[in-house]
>>> print(open('data_18.cif').read())   # mmCIF, C-alpha atoms
data_data
#
loop_
_atom_site.label_atom_id
_atom_site.label_comp_id
_atom_site.auth_asym_id
_atom_site.auth_seq_id
_atom_site.Cartn_x
_atom_site.Cartn_y
_atom_site.Cartn_z
CA MET A 1 -38.96 75.30 0.66
CA GLU A 2 -41.77 76.65 -1.55
CA ALA A 3 -44.84 78.66 -0.63
CA LEU A 4 -47.87 79.27 -2.80
CA THR A 5 -48.41 83.01 -2.50
CA GLU A 6 -51.57 83.33 -4.59
CA PRO A 7 -54.35 80.93 -5.64
CA TYR A 8 -53.17 78.76 -8.53
CA THR A 9 -56.03 78.99 -11.02
CA PRO A 10 -54.91 78.54 -14.63
CA TYR A 11 -57.28 79.68 -17.32
CA ARG A 12 -59.52 77.11 -18.94
CA SER A 13 -60.05 77.20 -22.70
CA GLY A 14 -63.37 78.39 -24.21
CA SER A 15 -64.29 81.66 -22.51
CA ALA A 16 -60.65 82.47 -21.80
CA MET A 17 -59.74 82.11 -25.45
CA HIS A 18 -62.61 84.44 -26.43
CA LEU A 19 -61.47 87.09 -23.94
CA ILE A 20 -57.86 86.89 -25.05
CA HIS A 21 -58.58 87.16 -28.76
CA SER A 22 -61.14 89.94 -28.28
CA ASN A 23 -58.73 91.98 -26.15
CA PRO A 24 -55.07 91.86 -27.22
CA GLN A 25 -54.02 93.39 -23.89
CA LEU A 26 -54.91 90.12 -22.17
CA TYR A 27 -52.56 87.14 -22.12
CA ALA A 28 -53.09 83.53 -21.13
CA GLY A 29 -50.74 83.61 -18.14
CA ALA A 30 -52.77 86.36 -16.47
CA GLY A 31 -54.71 83.71 -14.51
CA VAL A 32 -51.66 81.94 -13.08
CA GLY A 33 -50.72 82.62 -9.47
CA ALA A 34 -47.15 83.34 -8.42
CA ARG A 35 -44.97 81.14 -6.22
CA SER A 36 -42.08 82.07 -3.95
CA LEU A 37 -38.90 80.06 -3.48
CA ARG A 38 -36.42 80.68 -0.66
CA LEU A 39 -32.84 79.86 -1.60
CA GLN A 40 -30.29 78.45 0.83
CA ASP A 41 -28.67 81.88 1.15
CA ASP A 42 -32.10 83.18 2.27
CA ARG A 43 -32.73 85.14 -0.92
CA GLU A 44 -36.25 84.98 -2.32
CA VAL A 45 -37.02 84.06 -5.91
CA ARG A 46 -40.48 84.68 -7.31
CA LEU A 47 -41.88 82.49 -10.09
CA ARG A 48 -44.68 84.00 -12.13
CA ALA A 49 -46.19 84.06 -15.60
CA THR A 50 -44.62 86.42 -18.11
CA ARG A 51 -46.40 89.62 -19.08
CA PRO A 52 -46.18 91.69 -22.27
CA ASP A 53 -44.31 94.43 -20.40
CA ASP A 54 -41.58 91.93 -19.47
CA ALA A 55 -40.13 92.13 -22.98
CA PRO A 56 -37.20 94.50 -22.19
CA ALA A 57 -36.23 92.56 -19.05
CA VAL A 58 -36.46 89.20 -20.84
CA GLN A 59 -34.25 90.52 -23.63
CA GLN A 60 -31.72 91.77 -21.08
CA PHE A 61 -31.76 88.37 -19.38
CA VAL A 62 -31.01 86.57 -22.65
CA ARG A 63 -28.17 88.98 -23.41
CA SER A 64 -26.70 88.34 -19.95
CA LEU A 65 -26.45 84.57 -20.46
CA SER A 66 -23.13 82.97 -21.22
CA GLU A 67 -22.55 81.69 -24.72
CA MET A 68 -22.90 78.11 -23.46
CA SER A 69 -26.20 78.79 -21.69
CA ARG A 70 -27.64 80.43 -24.80
CA ARG A 71 -26.46 77.52 -26.94
CA ASN A 72 -27.98 74.99 -24.55
CA ARG A 73 -31.32 76.79 -24.54
CA PHE A 74 -31.65 77.98 -28.13
CA PHE A 75 -29.36 75.50 -29.97
CA ALA A 76 -27.79 78.45 -31.78
CA PRO A 77 -25.21 81.16 -30.99
CA LEU A 78 -27.79 83.93 -30.86
CA ARG A 79 -27.11 87.08 -28.86
CA GLU A 80 -30.68 88.18 -28.33
CA LEU A 81 -34.25 87.22 -29.24
CA THR A 82 -35.92 88.41 -32.41
CA PRO A 83 -39.05 90.56 -31.97
CA ASP A 84 -41.20 87.55 -32.89
CA GLN A 85 -39.44 85.28 -30.37
CA LEU A 86 -39.75 87.93 -27.70
CA ASP A 87 -43.46 88.36 -28.38
CA ARG A 88 -44.09 84.61 -28.18
CA VAL A 89 -42.44 84.29 -24.79
CA THR A 90 -44.07 87.37 -23.24
CA ARG A 91 -47.54 87.21 -24.79
CA THR A 92 -48.85 83.64 -24.58
CA THR A 93 -52.32 83.60 -26.13
CA ASP A 94 -53.32 79.94 -25.76
CA PRO A 95 -54.52 79.23 -22.19
CA ARG A 96 -53.14 75.68 -22.47
CA GLU A 97 -49.61 77.13 -22.77
CA LEU A 98 -47.50 79.00 -20.25
CA ALA A 99 -44.30 81.04 -20.05
CA LEU A 100 -42.65 81.77 -16.71
CA VAL A 101 -39.94 84.00 -15.33
CA ALA A 102 -38.00 83.63 -12.11
CA GLU A 103 -37.03 86.97 -10.61
CA THR A 104 -34.98 88.13 -7.65
CA PHE A 105 -35.21 91.44 -5.81
CA ASP A 106 -31.60 92.18 -4.94
CA GLY A 107 -31.35 95.85 -4.08
CA GLY A 108 -35.13 96.15 -4.27
CA GLU A 109 -35.24 95.99 -8.07
CA PRO A 110 -36.65 92.87 -9.78
CA ARG A 111 -34.23 91.00 -12.04
CA ILE A 112 -35.10 88.02 -14.21
CA VAL A 113 -32.86 85.02 -13.50
CA GLY A 114 -34.82 82.24 -15.21
CA LEU A 115 -37.12 81.67 -18.18
CA ALA A 116 -39.27 78.61 -18.90
CA GLN A 117 -42.21 77.78 -21.12
CA HIS A 118 -44.27 75.00 -22.58
CA ALA A 119 -46.17 75.10 -25.85
CA LEU A 120 -48.37 72.56 -27.58
CA CYS A 121 -46.42 70.54 -30.14
CA GLU A 122 -48.26 67.31 -30.94
CA PRO A 123 -51.47 67.63 -28.90
CA PRO A 124 -52.12 66.39 -26.31
CA ASN A 125 -48.36 66.79 -25.67
CA ALA A 126 -46.47 70.01 -25.00
CA GLU A 127 -42.81 70.86 -25.56
CA PHE A 128 -41.01 72.61 -22.73
CA ALA A 129 -37.81 74.64 -22.53
CA LEU A 130 -35.88 76.15 -19.64
CA VAL A 131 -32.86 78.34 -18.99
CA VAL A 132 -31.58 79.69 -15.67
CA GLY A 133 -29.03 82.49 -15.40
CA ASP A 134 -25.45 81.32 -14.96
CA ASP A 135 -25.13 82.79 -11.47
CA HIS A 136 -28.36 81.10 -10.28
CA GLN A 137 -27.91 77.59 -11.63
CA ARG A 138 -27.92 74.53 -9.34
CA LYS A 139 -30.03 76.30 -6.70
CA GLY A 140 -33.32 74.48 -7.29
CA ILE A 141 -34.90 77.16 -9.48
CA GLY A 142 -35.07 75.01 -12.62
CA MET A 143 -36.73 72.13 -10.78
CA ARG A 144 -39.41 74.43 -9.35
CA MET A 145 -40.06 76.02 -12.74
CA ILE A 146 -40.52 72.65 -14.43
CA GLY A 147 -42.86 71.62 -11.64
CA MET A 148 -44.94 74.77 -12.13
CA LEU A 149 -45.09 74.18 -15.88
CA ALA A 150 -46.19 70.59 -15.25
CA ASP A 151 -48.95 71.68 -12.84
CA HIS A 152 -50.34 74.11 -15.37
CA ALA A 153 -50.04 71.67 -18.28
CA ALA A 154 -51.81 68.91 -16.34
CA CYS A 155 -54.70 71.26 -15.47
CA ALA A 156 -54.93 72.19 -19.16
CA GLY A 157 -55.25 68.55 -20.22
CA VAL A 158 -51.72 68.06 -21.55
CA ALA A 159 -50.79 64.37 -21.49
CA ALA A 160 -47.00 64.65 -21.43
CA LEU A 161 -44.15 67.15 -21.41
CA VAL A 162 -41.49 66.54 -24.04
CA GLY A 163 -38.25 68.35 -24.65
CA PHE A 164 -34.93 68.35 -26.48
CA VAL A 165 -31.60 68.69 -24.67
CA ARG A 166 -28.08 68.88 -26.03
CA TYR A 167 -26.21 65.65 -25.36
CA ASP A 168 -23.49 67.49 -23.41
CA ASN A 169 -25.85 69.54 -21.23
CA TRP A 170 -25.26 67.34 -18.20
CA PRO A 171 -26.81 69.66 -15.57
CA MET A 172 -30.14 69.63 -17.43
CA LEU A 173 -30.00 65.90 -18.17
CA THR A 174 -29.23 65.19 -14.51
CA LEU A 175 -32.15 67.36 -13.37
CA LEU A 176 -34.58 65.67 -15.75
CA ALA A 177 -33.40 62.22 -14.67
CA ARG A 178 -34.14 63.19 -11.05
CA LEU A 179 -37.65 64.23 -12.11
CA GLY A 180 -38.24 60.89 -13.80
CA PHE A 181 -38.10 61.95 -17.45
CA GLU A 182 -37.54 59.15 -19.94
CA PHE A 183 -34.65 59.54 -22.37
CA LEU A 184 -35.63 58.59 -25.92
CA ASN A 185 -33.71 57.90 -29.10
CA ASN A 186 -33.40 60.85 -31.44
CA GLU A 187 -32.31 61.11 -35.07
CA ASP A 188 -29.78 63.80 -34.16
CA PRO A 189 -26.99 62.27 -32.03
CA GLN A 190 -26.24 65.74 -30.62
CA VAL A 191 -29.71 66.02 -29.08
CA VAL A 192 -31.49 63.90 -26.47
CA CYS A 193 -35.28 63.69 -26.55
CA VAL A 194 -36.94 63.53 -23.12
CA ALA A 195 -40.54 62.87 -22.14
CA LYS A 196 -42.59 62.64 -18.94
CA PRO A 197 -46.27 61.70 -18.63
CA LEU A 198 -48.45 63.98 -16.51
CA ASP A 199 -51.20 63.09 -14.10
CA ALA A 200 -53.80 65.27 -12.41
CA GLN A 201 -51.17 66.60 -9.97
CA GLY A 202 -48.53 67.38 -12.59
CA LEU A 203 -45.46 65.17 -12.94
CA ALA A 204 -46.66 61.56 -12.76
CA ALA A 205 -44.75 59.13 -10.59
#
>>> encode(input="data_18.cif", output="structure tokens")
Amino acid sequence: MEALTEPYTPYRSGSAMHLIHSNPQLYAGAGVGARSLRLQDDREVRLRATRPDDAPAVQQFVRSLSEMSRRNRFFAPLRELTPDQLDRVTRTTDPRELALVAETFDGGEPRIVGLAQHALCEPPNAEFALVVGDDHQRKGIGMRMIGMLADHAACAGVAALVGFVRYDNWPMLTLLARLGFEFLNNEDPQVVCVAKPLDAQGLAA
């Protein structure tokens, strides 16, 4: 189902952090190999780290989402990302963090159909978030993106992935249950907190 197309070698901290901060053109995801996913209709989806020049395409992807998908991902009725939000998702500077896009090549032109990221929240834990385009949901893309985030996070020493999901976002809750995430109590009854420990291979059993 999935083929590793390039060596998967996430940056380590230390020297990578020095290079990134001394050269703003570098970004933490530059050391992350891409993966290819073949859908049931034989279309290929490529999963890779975001780059600074992805900003226009990421913004277009967010604008293309349905109101419900944007609400489920951002917990607000936003239409597009602010410049600061866009910069954070396309220019990850901490090598322990990662932002990913899923892109198709229909008609030969790449098009972003998914966006995922994890960022340190309460070290050694990281908070993750995911959104897949409405016309590409329930095709296995989200599961593969979470798995790729988990692989990277585990290599970076992250102990667990945590996240927050709207209580009525059943597709996401169902996916996370399949992946073994634990559902935790949360002060906000509209939001479910989820968590999953990581081992050396990513998502722990």
>>> resolve_selection(input="data_18.cif", expression="the PyMOL selection byres ((chain A and resi 62-78) around 12)", output="count of residues only")
46
>>> atom_distance(input="data_18.cif", atom1="CA of Glu44 (chain A)", atom2="CA of Met143 (chain A)")
15.4 Å
>>> atom_distance(input="data_18.cif", atom1="CA of Arg51 (chain A)", atom2="CA of Thr92 (chain A)")
8.5 Å
>>> resolve_selection(input="data_18.cif", expression="the PyMOL selection byres ((chain A and resi 203) around 8)", output="tab-separated table (two decimals) with C-alpha atoms, keeping the file's coordinate frame")
chain	number	residue	atom	x	y	z
A	147	GLY	CA	-42.86	71.62	-11.64
A	150	ALA	CA	-46.19	70.59	-15.25
A	151	ASP	CA	-48.95	71.68	-12.84
A	179	LEU	CA	-37.65	64.23	-12.11
A	196	LYS	CA	-42.59	62.64	-18.94
A	197	PRO	CA	-46.27	61.70	-18.63
A	198	LEU	CA	-48.45	63.98	-16.51
A	199	ASP	CA	-51.20	63.09	-14.10
A	201	GLN	CA	-51.17	66.60	-9.97
A	202	GLY	CA	-48.53	67.38	-12.59
A	204	ALA	CA	-46.66	61.56	-12.76
A	205	ALA	CA	-44.75	59.13	-10.59
>>> residues_around(input="data_18.cif", residues="Ala200 (chain A)", least_positions_apart="5", cutoff="12 Å", atoms="only C-alpha atoms", output="PDB file with C-alpha atoms, in the coordinates of the input")
ATOM      1  CA  ALA A 150     -46.190  70.590 -15.250  1.00  0.00           C
ATOM      2  CA  ASP A 151     -48.950  71.680 -12.840  1.00  0.00           C
ATOM      3  CA  HIS A 152     -50.340  74.110 -15.370  1.00  0.00           C
ATOM      4  CA  ALA A 153     -50.040  71.670 -18.280  1.00  0.00           C
ATOM      5  CA  ALA A 154     -51.810  68.910 -16.340  1.00  0.00           C
ATOM      6  CA  CYS A 155     -54.700  71.260 -15.470  1.00  0.00           C
ATOM      7  CA  ALA A 156     -54.930  72.190 -19.160  1.00  0.00           C
ATOM      8  CA  GLY A 157     -55.250  68.550 -20.220  1.00  0.00           C
ATOM      9  CA  VAL A 158     -51.720  68.060 -21.550  1.00  0.00           C
ATOM     10  CA  ALA A 159     -50.790  64.370 -21.490  1.00  0.00           C
ATOM     11  CA  ALA A 160     -47.000  64.650 -21.430  1.00  0.00           C
ATOM     12  CA  ALA A 205     -44.750  59.130 -10.590  1.00  0.00           C
TER      13      ALA A 205
END
>>> atom_distance(input="data_18.cif", atom1="CA of Val162 (chain A)", atom2="CA of Asn185 (chain A)")
12.7 Å
>>> closest_residue(input="data_18.cif", among="A:Ala126, A:Ala195, A:Ala119, A:Met145", to="Ala34 (chain A)", atoms="only C-alpha atoms")
A:Met145
>>> resolve_selection(input="data_18.cif", expression="the PyMOL selection byres ((chain A and resi 144) around 10)", output="compact mmCIF listing (two decimals) with C-alpha atoms, keeping the file's coordinate frame")
# COMPACT_ATOMS: atom_id res chain seq x y z
CA GLU A 2 -41.77 76.65 -1.55
CA ARG A 35 -44.97 81.14 -6.22
CA SER A 36 -42.08 82.07 -3.95
CA LEU A 37 -38.90 80.06 -3.48
CA LEU A 47 -41.88 82.49 -10.09
CA ALA A 102 -38.00 83.63 -12.11
CA LYS A 139 -30.03 76.30 -6.70
CA GLY A 140 -33.32 74.48 -7.29
CA ILE A 141 -34.90 77.16 -9.48
CA GLY A 142 -35.07 75.01 -12.62
CA MET A 143 -36.73 72.13 -10.78
CA MET A 145 -40.06 76.02 -12.74
CA ILE A 146 -40.52 72.65 -14.43
CA GLY A 147 -42.86 71.62 -11.64
CA MET A 148 -44.94 74.77 -12.13
CA LEU A 149 -45.09 74.18 -15.88
CA ALA A 150 -46.19 70.59 -15.25
>>> closest_residue(input="data_18.cif", among="A:Arg38, A:Gly180, A:Asn186, A:Leu175", to="Phe105 (chain A)", atoms="only C-alpha atoms")
A:Arg38
>>> closest_residue(input="data_18.cif", among="A:Thr90, A:Val32, A:Phe181, A:Arg138", to="Pro52 (chain A)", atoms="all atoms listed in the file")
A:Thr90
